[in-house]
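K.L.:
Before anything else, here's the structure in question.
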Amino acid sequence: MKKTNLILLVSLMLIIVALPLVAQKNQITCSGSTTVLPVAQAAAEAYMDKNPSINISVRGGGSGVGVAALQNGTVDIANSSRPMKSKEISACKSKGINPVAYAVANDAIAIVVHKSNNVKNLTVKQIRDIYTGRIKNWNQVGGANLPIVIVSRDVASGTFEVFNEKALKGDKVDGGAQMLASNNAIVTTVSSTLGAIGYAGLGYINDGVNVVTVDNVMPSEITAKNASYPLSRKLYMYTNGNAKGEVGRFISFIQSAEGQALVKKQGFITLN
Amino acid sequence: MNIRKLKNKLGIAVLTSSLIITALFLVVFLARIFYKGASVLSWEFLSAPPREAMTAGGIFPALVGTFWLTVSSISIALPLGVLTAIYLTSYGKPRWFVRIVRIAINTLAGVPSIIYGLFGMAIFVNLLRFDVSLLAGAMTLAILALPIIINASEEALRSVPKDFREASLALGATERQTIQRVLLPTAFPNILTGAIISIGRVAGETAPIMFTAATFYSRRLPQTPFDEVMALPYHIYALMTEGTHAAKQVPIAYGTALVLLCLVLSISAVAIYIRYRIRKTRKW
Amino acid sequence: MNRIIMKDYKEKLFKGITYVSSLFVIVFLFGIIVSIFREGMPLFDVVSIREFLLGTQWYPTHEDAEFGTFTLILGSVYVTLGALVIAIPLGLGSAIFIAEVATPRIREIAKPIIELLAGIPSVVYGLFGMAFLAPLIREWFNLSTGLNIFSASIILGIMIVPIIASMSEDAISTVPKNMREASLALGATKWETIVRVVVPASKSGIIGSILLGFGRAIGETMVLLMVSGGSAHIPKSIFDSTRPLTSTIAAEMGETVIGDLHYRSLFALAIVLFIITFFTNMLSELVFLKRRAR
């Protein structure tokens, strides 16, 4: 009995040694933004249905996770709901990675509040003051006398980065804010918390929350595409170098009419 | 006198209620998981991959992933653990080395699982360039399971009556022969129990595999040790925190939890049954 | 002559193999310690230890990043203490009940209950906390969110009840029978016997179990990741959300690039975590040793 265990161990080790990174083709790994996740997953399913020999593995974690993975060289496609920062691009280049961006959808970051909240519009400045803790009560922006509960995303989130850049202009979020891990978590929390305010990609908005206009512009397909909505953005997939082979075909698929129909089905806005 | 009797009654009532509260929690807990999870349970759930952005379909790849992670990590940890236990019980010299080994075992047992995950990520995924893979996850889990297996095997070996060993040596067998032909076979069922218990533990761990092996969605089953895998515990976590359609996915998370619970509990039940059978059939 | 040599080499080989296997445990532990120190220590070239441990601002990804972990450590401590508040009464109470009050039939049911609780994976506890308990607490107490110290302490507490219960029960049941009998013979009630004789006699076992529970709770990741809420500020009430050490590491690790400052700061957190759990375990070892010496 001892001997069989030993043989098992030795053979296991031999297998480990004799199988260096075999069979990594026909496999695409894709990770990053939770905003892009539903698009990536739906597209992966459709693509795998059409090409049964390919396997696409999809992971979330946040745009930061995808960008970091691209830089570490551990992933084929980095999903990002924000453009890569110049710091990140130069860091990649210094490691020999050349990030190339492919836009796969349009999106708008909607500001959401509880259904019972009667505040209908906020300026970008008001949003900033709320999130940095300078405005603490809804009655300071025309609402009821109710303390504001700030709901935000954690550091890995691309949605947070875009929100930070466009609404907060780099200011620090108040320390009492709830840091959640996904768009979905924000919508769920806001829908069940009276005084909450949150932000999420358009694809995640449902009937459980009210959408607030920003500078009197409502986030929609049109206002996102023509960028008249202040918090609009594109969703990206980054690859190392130009996307070739299966990866290239996959990305082209997403950008094609069929792929864009999936984008729309998931609640996002098509590229054009 | 009466006050003392009253205190006595009260005290015993408090003690009883602490167990009742604990039991109550367990009941509510299990009932909730069963109730919410049973609604999604079906043959398709267990045998098909997820479909339609994780709102339909099943968890088959996660079952397979958990299976492979568990089997491979235990097959690494078991030989190492048993051999170490043999050393500690039968050879055990020099003394200072034994003491260091024991400290190491106890310390390892107390290391938080997230630190195992970090270690696995730093060494197996990054340094050795295994990337996020079944192999990296299995090796990380193996180190986690090692202290459990060593302790269980040591107990098993120590519970073999001394006379067995002495009789064997008296008949002229060497230490090694005694270990291989007498001690191990006798201790085997208890060692097995320990291995089974650690299987249950390993199957439910999330933090060690978060950065070393697990992925959110992959249709193909792992074909080489270098593939990423889906896993039951990670699936629950990912659905709850990164899920895209909560209404459909929370029940799936419950269903996955139900499957995982049943798996872990039935594994423990098997271990307990084996232990029970041993006690019955053995006369010492 | 040959047979003896053959046997001898097999003996030595086998002994050598077991010896080498035992080395693995040491190598692994050493590897874990070395790797977290190696990846984490470089942070302290940039950030002073004092700022790291006492600073209250944790903004690792900001333009001018700040790495103050005081709120994180405080969060871990609060949740763990909260868990102990729940787990000690329930765990110790159950242990005493099983050892002293329960009939053998009840014991047959009670022990498996504890073992069952011990076998539930932490992520399932987290699921229960996040999807069932937190919304309930939010409604009952009219809060803005149920993901806070209170909810996390409850779930974490139940999670460590088995640790405290089974170790304490072990300690209590090894108290010699004659001590109990003597106490009862002198006219003490059962409760008085428990409180004044049995529990003090098993004191070190009980304390050891509490320390182990503490160590387990402070190192727990999944439950806290899912139930404690995630805001990194100094909690002002038990209904505030918090961000313990472990969930910070788990939540942010994927986002870091290997070798950058944020990456190192998370490993530095791991160093702090490791030191805390290491000392807790050492302490409980000592306590158990004291007991064995009696």
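Numbering starts fresh at 1 for the residues of each chain in the structure tokens, the chains themselves are lettered A, B, ... in the order given, and ligands are numbered from 1 as they appear.
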Write out as a tab-separated table the residues of chain B that have any atom within 10 Å of an atom of chain A, one row each with the nearest atom pair and its distance in Å to one decimal, counting only C-alpha atoms, sorted by chain and then rising number.
P.N.:
```
residue	atom	partner	partner_atom	distance
B:Pro50	CA	A:Glu45	CA	9.4
B:Arg51	CA	A:Glu45	CA	7.4
B:Glu52	CA	A:Ala42	CA	6.5
B:Ala53	CA	A:Ala42	CA	5.5
B:Met54	CA	A:Gln41	CA	8.4
B:Ser72	CA	A:Leu12	CA	9.0
B:Ser75	CA	A:Leu9	CA	7.3
B:Ile76	CA	A:Leu9	CA	6.5
B:Ala77	CA	A:Leu9	CA	9.5
B:Leu78	CA	A:Asn5	CA	8.1
B:Pro79	CA	A:Asn5	CA	5.8
B:Leu80	CA	A:Leu9	CA	8.9
B:Val82	CA	A:Lys2	CA	9.0
B:Leu83	CA	A:Lys2	CA	8.7
B:Val125	CA	A:Thr74	CA	9.2
B:Asn126	CA	A:Asn72	CA	8.6
B:Arg129	CA	A:Thr74	CA	9.2
B:Phe130	CA	A:Leu21	CA	8.0
B:Asp131	CA	A:Thr74	CA	6.4
B:Val132	CA	A:Thr74	CA	7.7
B:Leu135	CA	A:Ile16	CA	8.5
B:Ile179	CA	A:Lys2	CA	9.7
B:Gln180	CA	A:Lys2	CA	7.0
B:Arg181	CA	A:Met1	CA	9.1
B:Leu184	CA	A:Lys2	CA	8.2
B:Pro185	CA	A:Met1	CA	8.0
B:Phe188	CA	A:Met1	CA	9.3
B:Ala214	CA	A:Arg59	CA	8.7
B:Thr215	CA	A:Arg59	CA	5.4
B:Phe216	CA	A:Arg59	CA	4.7
B:Tyr217	CA	A:Val58	CA	4.9
B:Ser218	CA	A:Ser57	CA	4.3
B:Arg219	CA	A:Asn55	CA	6.4
B:Arg220	CA	A:Asn55	CA	5.8
B:Leu221	CA	A:Asn55	CA	9.2
B:Gln223	CA	A:Ala23	CA	8.7
B:Thr224	CA	A:Ala23	CA	7.7
B:Pro225	CA	A:Ile16	CA	7.8
B:Phe226	CA	A:Leu21	CA	6.7
B:Asp227	CA	A:Gln24	CA	8.1
B:Glu228	CA	A:Ser57	CA	7.9
B:Val229	CA	A:Ser57	CA	9.0
B:Met230	CA	A:Ser57	CA	9.4
B:Ala238	CA	A:Gly60	CA	8.2
B:Met240	CA	A:Ala185	CA	8.4
B:Thr241	CA	A:Ala181	CA	6.0
B:Glu242	CA	A:Ser182	CA	5.2
B:Gly243	CA	A:Asn184	CA	6.4
B:Thr244	CA	A:Asn184	CA	5.6
B:His245	CA	A:Asn184	CA	7.1
B:Ala246	CA	A:Asn184	CA	7.0
B:Ala247	CA	A:Thr188	CA	9.8
```
K.L.:
For chain B against chain C, which residues fall within 6 Å using only C-alpha atoms, given as a ChimeraX atom specification?
P.N.:
/B:8,15,18-19,80,83-84,87,104,112,119,176,204,257
K.L.:
Keeping only C-alpha atoms, write those residues as a JSON list (two decimals), in the first residue's frame.
P.N.:
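This is the output file selection36.json:
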```
[["chain", "number", "residue", "atom", "x", "y", "z"],
["B", 8, "ASN", "CA", -29.26, 25.59, 39.90],
["B", 15, "LEU", "CA", -26.83, 25.71, 29.49],
["B", 18, "SER", "CA", -27.22, 27.53, 24.59],
["B", 19, "LEU", "CA", -27.31, 24.17, 22.90],
["B", 80, "LEU", "CA", 3.57, 13.01, 2.18],
["B", 83, "LEU", "CA", 5.19, 9.19, 5.52],
["B", 84, "THR", "CA", 5.68, 12.14, 7.84],
["B", 87, "TYR", "CA", 8.56, 9.23, 10.79],
["B", 104, "ALA", "CA", 5.84, 23.50, 11.64],
["B", 112, "PRO", "CA", -5.38, 31.59, 7.47],
["B", 119, "PHE", "CA", 1.48, 31.88, -1.24],
["B", 176, "ARG", "CA", 10.43, -1.11, 8.11],
["B", 204, "GLY", "CA", -15.23, 23.65, 0.51],
["B", 257, "ALA", "CA", -24.42, 25.62, -1.95]]
```
K.L.:
Pick out the chain A residues within 9 Å of chain C. Count only C-alpha atoms. Give them as an MDAnalysis selection string.
P.N.:
chainID A and resid 32 61:69 71:72 149 154:157 170 172 174:181 189 192:196
K.L.:
I'd like to know which residues of range 136-187 of chain B are alpha helix (DSSP H) (by DSSP, run on the backbone); could you write them as JSON, numbers by chain?
P.N.:
{"B": [136, 137, 138, 139, 140, 141, 142, 143, 144, 145, 146, 147, 148, 149, 150, 151, 152, 153, 154, 155, 156, 157, 158, 162, 163, 164, 165, 166, 167, 168, 169, 170, 175, 176, 177, 178, 184, 185, 186, 187]}
K.L.:
What does the distance from CA of Thr212 in chain B to CA of Gly137 in chain B come to in Å, to one decimal?
P.N.:
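One can read the CA of Thr212 in chain B to CA of Gly137 in chain B distance as 5.0 Å.
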K.L.:
Identify, on the basis of only C-alpha atoms, every residue whose closest approach to Asn118 in chain A does not exceed 10 Å; exclude the query and any residue fewer than 3 positions from it along the same chain; express the result as a ChimeraX atom specification.
P.N.:
/A:113-115,121,138,142-144,210,212
K.L.:
Using CA of Leu84 in chain C and CA of Val197 in chain C as the two end points, give the distance in Å to one decimal.
P.N.:
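That distance, rounded to one decimal, is 23.8 Å.
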K.L.:
How far is it from CA of Ser220 in chain A to CA of Ile109 in chain A, in Å with one decimal?
P.N.:
9.9 Å
K.L.:
Show which residues sit within 7 Å of range 27-40 of chain B, as number ranges by chain. Count only C-alpha atoms, and ignore same-chain residues fewer than 3 positions away.
P.N.:
B: 23-24, 251-252, 254-255, 258
K.L.:
Taking the backbone alone, and naming residues the way the document does, which bits of range 19-131 of chain B are strand (DSSP E or B) by DSSP, as a list in words?
P.N.:
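Here is the list: Pro50, Arg51, Ala56 and Gly57 of chain B.
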K.L.:
Got time to write the residues from that selection, N, CA, C and O atoms, as an mmCIF file, in the first residue's frame?
P.N.:
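New file result-v6.cif:
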```cif
data_model
loop_
_atom_site.group_PDB
_atom_site.id
_atom_site.type_symbol
_atom_site.label_atom_id
_atom_site.label_comp_id
_atom_site.auth_asym_id
_atom_site.auth_seq_id
_atom_site.Cartn_x
_atom_site.Cartn_y
_atom_site.Cartn_z
ATOM 1 N N PRO B 50 -23.278 26.028 -17.398
ATOM 2 C CA PRO B 50 -24.165 27.177 -17.278
ATOM 3 C C PRO B 50 -24.523 27.730 -18.655
ATOM 4 O O PRO B 50 -23.731 27.646 -19.591
ATOM 5 N N ARG B 51 -25.708 28.264 -18.767
ATOM 6 C CA ARG B 51 -26.139 28.819 -20.046
ATOM 7 C C ARG B 51 -26.666 30.230 -19.849
ATOM 8 O O ARG B 51 -27.016 30.612 -18.746
ATOM 9 N N ALA B 56 -29.150 30.240 -16.412
ATOM 10 C CA ALA B 56 -29.828 28.953 -16.609
ATOM 11 C C ALA B 56 -28.768 27.880 -16.743
ATOM 12 O O ALA B 56 -27.573 28.158 -16.661
ATOM 13 N N GLY B 57 -29.206 26.684 -16.964
ATOM 14 C CA GLY B 57 -28.235 25.616 -17.133
ATOM 15 C C GLY B 57 -27.787 25.068 -15.795
ATOM 16 O O GLY B 57 -28.504 25.136 -14.811
#
```
